[in-house]
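Asks: Take a look at work20.txt, compact mmCIF, C-alpha atoms (C1' of nucleotides):
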```txt
# COMPACT_ATOMS: atom_id res chain seq x y z
CA MET A 42 -8.57 18.61 18.43
CA THR A 43 -5.62 17.86 16.23
CA VAL A 44 -5.03 19.42 12.90
CA PRO A 45 -5.86 16.94 10.12
CA LYS A 46 -2.79 14.96 9.25
CA VAL A 47 -1.33 14.97 5.82
CA VAL A 48 -2.68 11.48 5.27
CA ASP A 49 -5.65 10.26 7.22
CA PRO A 50 -4.86 6.73 8.38
CA GLU A 51 -8.27 5.57 7.23
CA GLU A 52 -7.55 7.01 3.82
CA ARG A 53 -4.30 5.11 3.82
CA ARG A 54 -6.19 1.90 4.47
CA ALA A 55 -8.50 2.73 1.60
CA SER A 56 -5.59 3.31 -0.74
CA VAL A 57 -4.16 -0.05 0.25
CA ALA A 58 -7.55 -1.57 -0.51
CA ALA A 59 -7.36 0.06 -3.93
CA ALA A 60 -4.02 -1.66 -4.39
CA VAL A 61 -5.72 -4.94 -3.53
CA TRP A 62 -8.29 -4.27 -6.23
CA ARG A 63 -5.62 -3.65 -8.83
CA VAL A 64 -3.82 -6.85 -7.93
CA VAL A 65 -7.08 -8.78 -8.02
CA ARG A 66 -7.89 -7.49 -11.48
CA ARG A 67 -4.42 -8.26 -12.77
CA SER A 68 -3.70 -11.60 -11.11
CA GLY A 69 -6.86 -12.71 -9.39
CA LEU A 70 -7.44 -13.13 -5.69
CA ASP A 71 -4.74 -15.81 -5.64
CA GLY A 72 -2.23 -13.17 -6.64
CA VAL A 73 -3.02 -11.18 -3.54
CA SER A 74 -0.19 -11.72 -1.09
CA VAL A 75 1.04 -9.37 1.57
CA ARG A 76 4.08 -8.71 -0.56
CA THR A 77 2.36 -8.10 -3.89
CA VAL A 78 -0.16 -5.73 -2.35
CA ALA A 79 2.55 -3.88 -0.45
CA ALA A 80 4.54 -3.42 -3.65
CA GLU A 81 1.42 -2.25 -5.50
CA ALA A 82 0.70 0.24 -2.73
CA GLY A 83 4.29 1.44 -2.60
CA LEU A 84 4.97 0.06 0.85
CA SER A 85 7.11 -2.62 2.36
CA ALA A 86 5.48 -5.81 3.50
CA GLY A 87 6.35 -5.11 7.11
CA SER A 88 4.88 -1.64 6.89
CA LEU A 89 1.64 -2.88 5.42
CA ARG A 90 1.16 -5.02 8.47
CA HIS A 91 0.98 -1.87 10.52
CA TYR A 92 -2.32 -1.03 8.85
CA PHE A 93 -3.64 -4.56 8.57
CA ALA A 94 -2.56 -7.02 11.22
CA THR A 95 -3.47 -10.05 9.15
CA GLN A 96 -4.18 -10.84 5.54
CA ALA A 97 -7.72 -11.86 6.45
CA GLU A 98 -8.37 -8.37 7.79
CA LEU A 99 -6.98 -6.85 4.61
CA LEU A 100 -9.25 -8.93 2.41
CA ALA A 101 -12.35 -8.30 4.46
CA PHE A 102 -11.70 -4.57 4.40
CA ALA A 103 -11.11 -4.49 0.66
CA MET A 104 -14.29 -6.46 0.02
CA GLN A 105 -16.37 -4.35 2.37
CA LEU A 106 -15.21 -1.22 0.60
CA VAL A 107 -16.61 -2.47 -2.69
CA ALA A 108 -19.98 -3.11 -1.09
CA ASP A 109 -19.90 0.33 0.52
CA ARG A 110 -19.26 2.05 -2.78
CA VAL A 111 -22.19 0.41 -4.51
CA ARG A 112 -24.45 1.10 -1.59
CA ALA A 113 -23.44 4.76 -1.52
CA ARG A 114 -24.25 5.13 -5.20
CA VAL A 115 -27.65 3.53 -4.87
CA ASP A 116 -28.50 5.54 -1.76
CA ALA A 117 -27.64 8.75 -3.58
CA ILE A 118 -30.38 8.23 -6.13
CA GLY A 119 -33.31 10.53 -5.59
CA PRO A 120 -36.88 9.87 -6.65
CA GLY A 121 -37.40 10.26 -10.39
CA PRO A 122 -40.36 11.62 -12.34
CA ASP A 123 -42.00 8.20 -12.49
CA PRO A 124 -41.43 4.73 -11.02
CA VAL A 125 -40.00 3.25 -14.21
CA THR A 126 -37.34 5.96 -14.45
CA THR A 127 -36.40 5.60 -10.79
CA VAL A 128 -36.12 1.83 -11.05
CA ARG A 129 -34.10 2.18 -14.20
CA ARG A 130 -31.66 4.52 -12.48
CA VAL A 131 -31.18 2.09 -9.61
CA ILE A 132 -30.49 -0.80 -11.94
CA ASP A 133 -28.08 1.34 -13.94
CA GLU A 134 -26.02 1.81 -10.79
CA LEU A 135 -25.87 -1.94 -10.23
CA LEU A 136 -24.78 -2.83 -13.74
CA PRO A 137 -21.18 -2.39 -14.93
CA LEU A 138 -22.02 0.06 -17.66
CA ASP A 139 -18.69 1.88 -17.58
CA PRO A 140 -15.11 0.66 -17.10
CA GLU A 141 -14.93 1.80 -13.50
CA ARG A 142 -18.01 -0.10 -12.47
CA ARG A 143 -16.90 -3.12 -14.48
CA ALA A 144 -13.68 -3.13 -12.51
CA GLU A 145 -15.77 -3.02 -9.38
CA ALA A 146 -17.82 -5.97 -10.58
CA GLU A 147 -14.70 -7.97 -11.42
CA VAL A 148 -13.35 -7.48 -7.93
CA TRP A 149 -16.68 -8.24 -6.35
CA LEU A 150 -17.01 -11.47 -8.30
CA ALA A 151 -13.57 -12.56 -7.18
CA PHE A 152 -14.37 -11.90 -3.54
CA THR A 153 -17.80 -13.43 -3.77
CA THR A 154 -16.51 -16.72 -5.10
CA ARG A 155 -13.82 -16.88 -2.45
CA ALA A 156 -16.59 -16.31 0.08
CA GLN A 157 -17.77 -19.73 -0.96
CA VAL A 158 -14.95 -21.23 1.12
CA ASP A 159 -14.07 -18.35 3.48
CA PRO A 160 -16.55 -17.88 6.35
CA ALA A 161 -15.43 -14.32 7.12
CA LEU A 162 -16.02 -13.13 3.57
CA ARG A 163 -19.17 -15.19 3.39
CA ALA A 164 -20.81 -13.07 6.07
CA LEU A 165 -20.08 -9.95 4.04
CA ARG A 166 -21.40 -11.56 0.90
CA ASP A 167 -24.59 -12.77 2.48
CA ALA A 168 -25.33 -9.36 3.94
CA SER A 169 -24.94 -7.76 0.52
CA TYR A 170 -27.01 -10.46 -1.07
CA ASP A 171 -29.84 -9.83 1.36
CA ALA A 172 -29.65 -6.08 0.83
CA LEU A 173 -29.82 -6.46 -2.94
CA GLU A 174 -32.67 -8.91 -2.67
CA GLY A 175 -34.56 -6.38 -0.62
CA LEU A 176 -33.75 -3.70 -3.14
CA CYS A 177 -35.10 -5.83 -5.96
CA ALA A 178 -38.23 -6.44 -3.93
CA ASP A 179 -38.70 -2.68 -3.66
CA LEU A 180 -38.21 -2.31 -7.39
CA VAL A 181 -40.80 -4.96 -8.18
CA ASP A 182 -43.25 -3.42 -5.74
CA ALA A 183 -42.73 -0.01 -7.28
CA LEU A 184 -43.41 -1.26 -10.79
CA ALA A 185 -46.04 -3.89 -10.12
CA PRO A 186 -47.65 -3.50 -6.69
CA GLU A 187 -49.13 -6.67 -5.26
CA HIS A 188 -47.94 -8.73 -8.16
CA PRO A 189 -49.60 -12.19 -8.09
CA HIS A 190 -46.19 -13.84 -8.51
CA ARG A 191 -44.23 -11.38 -6.42
CA ALA A 192 -41.61 -13.78 -5.04
CA ALA A 193 -40.82 -15.22 -8.47
CA GLU A 194 -40.64 -11.78 -10.04
CA ILE A 195 -38.22 -10.56 -7.38
CA GLU A 196 -35.93 -13.50 -7.94
CA ARG A 197 -36.33 -13.13 -11.69
CA LEU A 198 -35.23 -9.50 -11.62
CA TYR A 199 -32.38 -10.18 -9.21
CA SER A 200 -31.13 -13.15 -11.21
CA LEU A 201 -31.33 -11.18 -14.42
CA ILE A 202 -29.23 -8.37 -12.94
CA ASP A 203 -26.61 -10.73 -11.51
CA GLY A 204 -26.50 -12.65 -14.77
CA LEU A 205 -25.91 -9.43 -16.69
CA VAL A 206 -23.15 -8.46 -14.28
CA LEU A 207 -21.54 -11.86 -14.69
CA HIS A 208 -21.68 -11.63 -18.46
CA ALA A 209 -20.32 -8.10 -18.49
CA VAL A 210 -17.35 -9.25 -16.43
CA MET A 211 -16.65 -12.40 -18.42
CA ARG A 212 -17.45 -11.22 -21.93
CA PRO A 213 -17.48 -7.44 -22.05
CA ASP A 214 -17.34 -7.63 -25.84
CA ARG A 215 -20.59 -9.59 -25.94
CA ALA A 216 -22.51 -8.10 -23.04
CA THR A 217 -22.14 -4.48 -24.08
CA PRO A 218 -23.76 -1.62 -22.21
CA GLU A 219 -26.16 -1.17 -25.13
CA LEU A 220 -27.28 -4.78 -25.06
CA MET A 221 -27.64 -4.79 -21.30
CA GLY A 222 -29.69 -1.60 -21.50
CA ALA A 223 -31.98 -3.17 -24.08
CA VAL A 224 -32.43 -6.25 -21.91
CA VAL A 225 -33.35 -4.17 -18.89
CA ASP A 226 -35.73 -2.08 -20.97
CA ARG A 227 -37.61 -5.11 -22.13
CA HIS A 228 -37.76 -6.59 -18.68
CA LEU A 229 -39.10 -3.45 -17.04
CA ALA A 230 -41.62 -2.94 -19.82
CA GLU A 231 -42.99 -6.44 -19.28
CA LEU A 232 -42.94 -6.07 -15.52
CA GLY A 233 -45.15 -2.97 -15.64
CA GLN A 234 -47.71 -4.83 -17.79
CA MET B 77 -6.01 -55.23 -30.04
CA THR B 78 -5.30 -55.41 -26.35
CA VAL B 79 -7.61 -56.75 -23.73
CA PRO B 80 -9.13 -53.90 -21.70
CA LYS B 81 -7.00 -53.17 -18.67
CA VAL B 82 -8.29 -53.37 -15.16
CA VAL B 83 -8.27 -49.58 -14.99
CA ASP B 84 -8.48 -47.53 -18.14
CA PRO B 85 -5.85 -44.77 -17.89
CA GLU B 86 -8.40 -42.27 -19.15
CA GLU B 87 -10.76 -43.34 -16.40
CA ARG B 88 -7.98 -42.81 -13.94
CA ARG B 89 -7.52 -39.27 -15.20
CA ALA B 90 -11.23 -38.71 -14.78
CA SER B 91 -11.12 -39.97 -11.20
CA VAL B 92 -8.27 -37.58 -10.50
CA ALA B 93 -10.41 -34.81 -11.97
CA ALA B 94 -13.16 -35.84 -9.59
CA ALA B 95 -10.66 -35.45 -6.77
CA VAL B 96 -9.97 -31.95 -8.05
CA TRP B 97 -13.67 -31.18 -7.90
CA ARG B 98 -13.91 -32.35 -4.31
CA VAL B 99 -10.95 -30.23 -3.28
CA VAL B 100 -12.40 -27.23 -5.11
CA ARG B 101 -15.71 -27.59 -3.31
CA ARG B 102 -14.04 -27.97 0.05
CA SER B 103 -11.22 -25.43 -0.18
CA GLY B 104 -11.70 -23.50 -3.39
CA LEU B 105 -9.44 -23.47 -6.40
CA ASP B 106 -6.66 -22.04 -4.22
CA GLY B 107 -6.69 -25.23 -2.21
CA VAL B 108 -5.88 -27.24 -5.32
CA SER B 109 -2.22 -28.17 -5.12
CA VAL B 110 -0.54 -31.20 -6.59
CA ARG B 111 -0.25 -32.63 -3.13
CA THR B 112 -3.80 -32.01 -1.91
CA VAL B 113 -5.30 -33.46 -5.08
CA ALA B 114 -2.99 -36.46 -4.93
CA ALA B 115 -4.00 -37.14 -1.35
CA GLU B 116 -7.68 -36.76 -2.23
CA ALA B 117 -7.25 -39.21 -5.10
CA GLY B 118 -5.29 -41.65 -2.97
CA LEU B 119 -2.05 -41.18 -4.85
CA SER B 120 1.35 -39.77 -4.12
CA ALA B 121 2.24 -36.42 -5.59
CA GLY B 122 4.95 -37.96 -7.74
CA SER B 123 2.54 -40.55 -9.08
CA LEU B 124 -0.06 -37.97 -9.98
CA ARG B 125 2.45 -36.31 -12.23
CA HIS B 126 2.52 -39.46 -14.29
CA TYR B 127 -1.03 -38.71 -15.40
CA PHE B 128 -0.72 -34.94 -15.58
CA ALA B 129 2.65 -33.48 -16.42
CA THR B 130 1.83 -30.04 -15.06
CA GLN B 131 -0.74 -28.50 -12.78
CA ALA B 132 -2.04 -26.40 -15.65
CA GLU B 133 -2.86 -29.55 -17.59
CA LEU B 134 -4.65 -30.97 -14.57
CA LEU B 135 -6.80 -27.89 -14.15
CA ALA B 136 -7.68 -27.63 -17.81
CA PHE B 137 -8.69 -31.29 -17.89
CA ALA B 138 -10.82 -31.00 -14.76
CA MET B 139 -12.57 -27.91 -16.13
CA GLN B 140 -13.12 -29.43 -19.56
CA LEU B 141 -14.72 -32.46 -17.96
CA VAL B 142 -17.35 -30.29 -16.31
CA ALA B 143 -18.23 -28.71 -19.62
CA ASP B 144 -18.36 -32.13 -21.27
CA ARG B 145 -20.79 -33.46 -18.69
CA VAL B 146 -23.23 -30.59 -19.14
CA ARG B 147 -23.00 -30.83 -22.88
CA ALA B 148 -23.65 -34.58 -22.81
CA ARG B 149 -26.77 -34.08 -20.72
CA VAL B 150 -28.16 -31.40 -23.00
CA ASP B 151 -27.38 -33.39 -26.12
CA ALA B 152 -29.23 -36.38 -24.71
CA ILE B 153 -32.51 -34.50 -24.59
CA GLY B 154 -34.88 -35.61 -27.29
CA PRO B 155 -37.65 -33.53 -28.83
CA GLY B 156 -40.61 -33.14 -26.50
CA PRO B 157 -44.36 -33.00 -27.26
CA ASP B 158 -44.23 -29.23 -27.74
CA PRO B 159 -41.59 -26.47 -27.91
CA VAL B 160 -42.24 -25.16 -24.41
CA THR B 161 -41.70 -28.60 -22.88
CA THR B 162 -38.52 -29.16 -24.84
CA VAL B 163 -37.11 -25.78 -23.91
CA ARG B 164 -38.04 -26.36 -20.31
CA ARG B 165 -36.17 -29.68 -20.28
CA VAL B 166 -33.04 -28.06 -21.69
CA ILE B 167 -33.09 -25.31 -19.08
CA ASP B 168 -33.65 -27.85 -16.34
CA GLU B 169 -30.40 -29.53 -17.34
CA LEU B 170 -28.55 -26.23 -17.09
CA LEU B 171 -29.86 -25.30 -13.66
CA PRO B 172 -28.47 -26.84 -10.48
CA LEU B 173 -31.77 -28.37 -9.40
CA ASP B 174 -30.23 -31.28 -7.50
CA PRO B 175 -27.12 -31.56 -5.27
CA GLU B 176 -25.03 -33.20 -7.96
CA ARG B 177 -25.64 -30.47 -10.47
CA ARG B 178 -25.16 -27.82 -7.82
CA ALA B 179 -21.75 -29.30 -7.10
CA GLU B 180 -21.05 -29.09 -10.81
CA ALA B 181 -22.08 -25.46 -10.85
CA GLU B 182 -19.90 -24.64 -7.85
CA VAL B 183 -16.87 -26.11 -9.57
CA TRP B 184 -17.69 -24.42 -12.83
CA LEU B 185 -18.00 -21.06 -11.13
CA ALA B 186 -14.63 -21.49 -9.50
CA PHE B 187 -12.96 -22.35 -12.80
CA THR B 188 -14.77 -19.65 -14.69
CA THR B 189 -13.62 -16.91 -12.35
CA ARG B 190 -10.05 -18.16 -12.46
CA ALA B 191 -10.35 -18.05 -16.25
CA GLN B 192 -10.54 -14.31 -15.76
CA VAL B 193 -6.77 -14.29 -15.19
CA ASP B 194 -5.70 -17.60 -16.76
CA PRO B 195 -5.56 -17.57 -20.57
CA ALA B 196 -5.64 -21.35 -20.90
CA LEU B 197 -8.83 -21.71 -18.89
CA ARG B 198 -10.22 -18.62 -20.56
CA ALA B 199 -10.29 -20.37 -23.91
CA LEU B 200 -12.32 -23.17 -22.41
CA ARG B 201 -14.69 -20.75 -20.76
CA ASP B 202 -15.23 -18.68 -23.88
CA ALA B 203 -16.00 -21.77 -25.93
CA SER B 204 -18.62 -22.87 -23.42
CA TYR B 205 -20.01 -19.36 -23.24
CA ASP B 206 -20.46 -19.27 -26.99
CA ALA B 207 -22.07 -22.70 -27.03
CA LEU B 208 -24.55 -21.72 -24.35
CA GLU B 209 -25.32 -18.46 -26.08
CA GLY B 210 -26.10 -20.39 -29.25
CA LEU B 211 -28.24 -22.77 -27.26
CA CYS B 212 -30.23 -19.88 -25.78
CA ALA B 213 -30.67 -18.49 -29.26
CA ASP B 214 -32.17 -21.79 -30.34
CA LEU B 215 -34.48 -21.76 -27.35
CA VAL B 216 -35.71 -18.25 -28.10
CA ASP B 217 -36.23 -19.11 -31.75
CA ALA B 218 -38.17 -22.22 -30.79
CA LEU B 219 -40.50 -20.29 -28.51
CA ALA B 220 -40.78 -17.00 -30.36
CA PRO B 221 -39.66 -17.28 -33.99
CA GLU B 222 -38.53 -14.03 -35.55
CA HIS B 223 -38.94 -12.14 -32.32
CA PRO B 224 -38.65 -8.37 -32.94
CA HIS B 225 -36.12 -8.06 -30.11
CA ARG B 226 -34.37 -11.36 -30.70
CA ALA B 227 -30.87 -10.34 -29.59
CA ALA B 228 -32.10 -8.79 -26.37
CA GLU B 229 -34.33 -11.77 -25.61
CA ILE B 230 -31.45 -14.18 -26.11
CA GLU B 231 -29.25 -12.25 -23.73
CA ARG B 232 -32.14 -11.89 -21.32
CA LEU B 233 -32.73 -15.64 -21.19
CA TYR B 234 -29.02 -16.42 -20.94
CA SER B 235 -28.43 -13.87 -18.19
CA LEU B 236 -31.45 -15.12 -16.29
CA ILE B 237 -30.14 -18.69 -16.39
CA ASP B 238 -26.63 -17.71 -15.32
CA GLY B 239 -28.02 -15.51 -12.59
CA LEU B 240 -30.11 -18.38 -11.27
CA VAL B 241 -27.08 -20.66 -11.34
CA LEU B 242 -25.06 -18.07 -9.46
CA HIS B 243 -27.74 -17.65 -6.84
CA ALA B 244 -28.18 -21.40 -6.43
CA VAL B 245 -24.48 -21.74 -5.79
CA MET B 246 -24.18 -18.81 -3.40
CA ARG B 247 -27.49 -19.07 -1.55
CA PRO B 248 -28.98 -22.53 -2.05
CA ASP B 249 -31.35 -21.83 0.83
CA ARG B 250 -32.80 -18.82 -0.96
CA ALA B 251 -32.65 -19.91 -4.58
CA THR B 252 -34.45 -23.20 -4.11
CA PRO B 253 -35.30 -25.51 -7.01
CA GLU B 254 -38.97 -24.61 -6.53
CA LEU B 255 -38.32 -20.89 -6.79
CA MET B 256 -36.04 -21.31 -9.79
CA GLY B 257 -38.66 -23.44 -11.47
CA ALA B 258 -41.30 -20.78 -10.88
CA VAL B 259 -39.00 -18.11 -12.31
CA VAL B 260 -38.34 -20.12 -15.45
CA ASP B 261 -42.04 -20.86 -15.83
CA ARG B 262 -42.90 -17.20 -15.77
CA HIS B 263 -40.16 -16.29 -18.18
CA LEU B 264 -41.08 -18.94 -20.73
CA ALA B 265 -44.74 -18.04 -20.48
CA GLU B 266 -43.96 -14.42 -21.27
CA LEU B 267 -41.58 -15.34 -24.04
CA GLY B 268 -44.24 -17.36 -25.87
CA GLN B 269 -46.60 -14.34 -25.80
C1' DC C 173 11.70 -67.07 -19.37
C1' DA C 174 13.61 -62.02 -20.10
C1' DT C 175 12.70 -57.28 -21.49
C1' DT C 176 10.27 -53.32 -22.02
C1' DT C 177 6.62 -50.40 -20.70
C1' DT C 178 3.76 -48.46 -17.22
C1' DG C 179 2.71 -47.09 -12.73
C1' DT C 180 4.18 -45.56 -8.04
C1' DA C 181 6.50 -43.32 -4.37
C1' DG C 182 9.78 -40.28 -2.53
C1' DC C 183 13.37 -36.92 -2.27
C1' DA C 184 15.49 -32.33 -3.47
C1' DC C 185 15.53 -27.85 -5.17
C1' DA C 186 14.33 -23.08 -5.49
C1' DG C 187 10.71 -20.20 -4.67
C1' DT C 188 6.64 -17.88 -2.22
C1' DC C 189 3.68 -17.69 1.57
C1' DG C 190 1.88 -15.40 6.28
C1' DT C 191 3.51 -13.77 10.23
C1' DG C 192 6.58 -12.54 14.47
C1' DC C 193 9.93 -9.60 15.66
C1' DC C 194 13.06 -5.61 16.01
C1' DA C 195 15.93 -1.40 14.83
C1' DG C 196 15.27 3.14 13.38
C1' DA C 197 13.04 7.06 11.26
C1' DA C 198 9.44 10.43 11.49
C1' DC C 199 6.18 12.72 13.87
C1' DC C 200 3.42 14.96 17.63
C1' DC C 201 2.94 16.89 22.22
C1' DG C 202 4.40 19.22 26.36
C1' DC D 210 14.64 20.43 23.90
C1' DG D 211 13.13 15.50 25.66
C1' DG D 212 9.85 11.70 25.55
C1' DG D 213 6.34 9.15 23.61
C1' DT D 214 3.71 7.58 19.72
C1' DT D 215 3.22 6.36 15.02
C1' DC D 216 5.13 4.65 11.04
C1' DT D 217 8.54 2.16 8.11
C1' DG D 218 11.59 -1.32 6.40
C1' DG D 219 13.87 -5.59 6.84
C1' DC D 220 15.05 -10.02 8.56
C1' DA D 221 13.90 -14.84 9.95
C1' DC D 222 11.18 -18.69 10.73
C1' DG D 223 8.47 -22.68 9.40
C1' DA D 224 5.23 -24.15 6.12
C1' DC D 225 3.80 -24.93 1.52
C1' DT D 226 4.33 -24.56 -3.58
C1' DG D 227 5.39 -26.78 -8.63
C1' DT D 228 8.44 -29.48 -10.74
C1' DG D 229 12.77 -32.36 -11.90
C1' DC D 230 14.70 -36.53 -10.93
C1' DT D 231 15.57 -41.28 -9.35
C1' DA D 232 14.73 -45.90 -7.57
C1' DC D 233 11.66 -49.54 -7.47
C1' DA D 234 7.40 -52.47 -8.26
C1' DA D 235 3.94 -54.22 -11.39
C1' DA D 236 2.28 -55.39 -15.60
C1' DA D 237 2.41 -56.19 -20.34
C1' DT D 238 5.01 -57.88 -24.26
C1' DG D 239 8.32 -60.55 -26.71
```
What's the structure tokens form of this structure?

Replies:
Amino acid sequence: MTVPKVVDPEERRASVAAAVWRVVRRSGLDGVSVRTVAAEAGLSAGSLRHYFATQAELLAFAMQLVADRVRARVDAIGPGPDPVTTVRRVIDELLPLDPERRAEAEVWLAFTTRAQVDPALRALRDASYDALEGLCADLVDALAPEHPHRAAEIERLYSLIDGLVLHAVMRPDRATPELMGAVVDRHLAELGQ
Amino acid sequence: MTVPKVVDPEERRASVAAAVWRVVRRSGLDGVSVRTVAAEAGLSAGSLRHYFATQAELLAFAMQLVADRVRARVDAIGPGPDPVTTVRRVIDELLPLDPERRAEAEVWLAFTTRAQVDPALRALRDASYDALEGLCADLVDALAPEHPHRAAEIERLYSLIDGLVLHAVMRPDRATPELMGAVVDRHLAELGQ
DNA sequence: CATTTTGTAGCACAGTCGTGCCAGAACCCG
DNA sequence: CGGGTTCTGGCACGACTGTGCTACAAAATG
């Protein structure tokens, strides 16, 4: 085959997506125009369109990449010494406990609210929502098998996680990693009797 | 003083704000332009500017009005027969259990994420955040006075509520009023021992 | 009645938007 | 080397943006 190029085109698309993320964090999703993203990525607007034919494609790709990153992190978690530890590790990957993951959460929140009025993004959002719901179901089953209020406990855990993410994005000074950790600790302790 | 006019100017501003809400629900906050809101309110763009000098003022007013409505509902709740019932009534006013309150939550979510990059809206959001945090503190104190993990329990309750609101907005078919009610029931039961 | 205030509509300006299109540069392959 | 593909930048179009400004109608006030 061919020798690997200096810059893999798919990598280039990913670096443009990273530019989208930076613009989103700085100016919100409204600030994302073909021109602002191109400038952030060090390209011309016309050149950017060579990688993404339309803005809709650019946004969908950038959003999908966020979902992929989270999924990859969660999938990489191996089984721990006991269920509580394993569950705790999974939740730690979902929460924005460090600046990088908080940035991720900020971008995800922006995309997820736009999905409210954008059918293309909505499909991506719903798929991630379903996956996370299933993940929370697994966590509940691992900690409290055959729980008499299984459905409510799944939604309770999932809502708690999403609420913590929301708070960490909006008020990082209030929802600190320490506080979020304490909240999760208490919840898991109660869940496992 | 003067006889009340046919249309109170402040009422007119509120009806324009309602037009903003409708546009937000239909097209998102990005769809809110002076012209779209004017058309939705049955005015000309030039006439709208007689009530709101700038778009920023229009947005801030429309957002503030959402916060005011929630606050008014919560303040109207009288003491119930027992703490659990009272707390439950307060939470029920915060959750989008009917279409009207879900619409409210949708609009609030849109404004609150824009507040992430708009200092003027951010002040409004932070004030509401603080008020709700204080309210959750009161709820925890009412159910479990001098709880050994008070701070964590406050954040846990607040995150749970915001997570439920988020889910109700994004997936109203999944986060049904019944399921949310069951989740809150379980949480309050655990909180009061 | 006349006058002032209040409300309404519309136009114009300068800017940004997404996208279509095209002239070259850079690169790879034979 | 030539020829084809990939990449890059720039221009242009029509649409939409917030806001300043003006002319006119309606209502309130004297």

Asks: Mind running chain C against chain B at 9 Å and telling me each contacting residue's nearest atom pair with the distance in Å (one decimal), counting only C-alpha atoms (C1' of nucleotides), chain and number ascending, as CSV?

Replies:
```
residue,atom,partner,partner_atom,distance
C:DG179,C1',B:Ser123,CA,7.5
C:DT180,C1',B:Ser123,CA,5.4
C:DA181,C1',B:Ser120,CA,6.3
C:DG182,C1',B:Gly122,CA,7.5
```

Asks: Could the residues of chain D that have an atom at most 12 Å from range 128-138 of chain B be listed as a tab-separated table, each with its closest atom pair and the distance in Å to one decimal, counting only C-alpha atoms (C1' of nucleotides) and ordered by chain and ascending residue number?

Replies:
```
residue	atom	partner	partner_atom	distance
D:DT226	C1'	B:Gln131	CA	11.2
D:DG227	C1'	B:Gln131	CA	7.6
D:DT228	C1'	B:Thr130	CA	7.9
D:DG229	C1'	B:Ala129	CA	11.1
```

Asks: I'd like the contact shell of DG223 in chain D - 12 Å cut-off, all atoms listed in the file, skipping same-chain residues fewer than 6 positions apart - returned as a JSON list (two decimals) with C-alpha atoms (C1' of nucleotides), in the coordinates of the input.

Replies:
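Output below, filename around_24.json:
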```json
[["chain", "number", "residue", "atom", "x", "y", "z"],
["C", 189, "DC", "C1'", 3.68, -17.69, 1.57],
["C", 190, "DG", "C1'", 1.88, -15.40, 6.28],
["C", 191, "DT", "C1'", 3.51, -13.77, 10.23],
["C", 192, "DG", "C1'", 6.58, -12.54, 14.47]]
```

Asks: Enumerate, in order of chain and increasing residue number, the residues of chain B with an atom no farther than 7 Å from chain A, each with its shortest atom pair and distance in Å to one decimal, counting all atoms listed in the file, as a tab-separated table.

Replies:
```
residue	atom	partner	partner_atom	distance
B:Arg102	CA	A:Val158	CA	6.9
B:Ser103	CA	A:Val158	CA	5.8
B:Gly104	CA	A:Val158	CA	6.0
B:Asp106	CA	A:Asp71	CA	6.7
B:Ala186	CA	A:Thr154	CA	6.8
B:Thr189	CA	A:Ala151	CA	6.8
B:Gln192	CA	A:Met211	CA	6.9
B:Val193	CA	A:Ser68	CA	5.8
B:Ala228	CA	A:Val224	CA	5.1
B:Glu229	CA	A:Val224	CA	6.9
B:Arg232	CA	A:Val224	CA	5.7
B:Ser235	CA	A:Gly204	CA	4.1
B:Leu236	CA	A:Leu201	CA	4.4
B:Asp238	CA	A:Gly204	CA	5.1
B:Gly239	CA	A:Gly204	CA	3.9
B:Leu240	CA	A:Ser200	CA	5.3
B:Met246	CA	A:Gln157	CA	6.9
B:Leu255	CA	A:Ala193	CA	6.4
B:Ala258	CA	A:Ala193	CA	6.1
B:Val259	CA	A:Ala193	CA	5.1
```

Asks: Dump as number ranges by chain all residues having an atom at most 9 Å from (-35.4, -3.6, -8.0), computed in the file's coordinates with all atoms listed in the file.

Replies: A: 128-129, 131-132, 173-184, 195, 198-199

Asks: Just the residues within 12 Å of DG213 in chain D, please, counting all atoms listed in the file, with nothing from its chain fewer than 3 positions along; format it as an NGL selection string.

Replies: :C and (199-202)

Asks: Please, what distance in Å, to one decimal, runs between CA of Ala80 in chain A and CA of Leu162 in chain A?

Replies: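 Here the two named atoms are 23.9 Å from each other.
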
Asks: Using all atoms of range 221-238 of chain D listed in the file and a margin of 8 Å per side, can you give the axis-aligned box centre and edge lengths in Å to one decimal, as JSON?

Replies:
```
{"center_x": 8.9, "center_y": -36.4, "center_z": -6.8, "size_x": 29.3, "size_y": 59.0, "size_z": 51.0}
```

Asks: Using all atoms listed in the file for the distances, tell me which of D:DC225, D:DC216, D:DC230, D:DA235 is nearest to chain A.

Replies: D:DC216

Asks: Please identify every residue of chain D that has at least one atom no farther than 9 Å from an atom of chain A, counting all atoms listed in the file, and for each give the shortest atom pair and the distance in Å to one decimal, arranged by chain then increasing number, as JSON lines.

Replies:
```
{"residue": "D:DC216", "atom": "C1'", "partner": "A:Ser88", "partner_atom": "CA", "distance": 7.5}
{"residue": "D:DT217", "atom": "C1'", "partner": "A:Ser88", "partner_atom": "CA", "distance": 5.4}
{"residue": "D:DG218", "atom": "C1'", "partner": "A:Ser85", "partner_atom": "CA", "distance": 6.2}
{"residue": "D:DG219", "atom": "C1'", "partner": "A:Gly87", "partner_atom": "CA", "distance": 7.5}
```

Asks: Just the number, please: distance in Å from CA of Val150 in chain B to CA of Arg165 in chain B, one decimal.

Replies: 8.6 Å

Asks: What does the distance from CA of Leu200 in chain B to CA of Gln140 in chain B come to in Å, to one decimal?

Replies: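 Going from CA of Leu200 in chain B over to CA of Gln140 in chain B covers 6.9 Å.
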
Asks: Got a sec to check which residues sit within 8 Å of (0.4, -3.6, -5.0), counting all atoms listed in the file, and write them as a ChimeraX atom specification?

Replies: /A:57,60-61,63-64,76-83
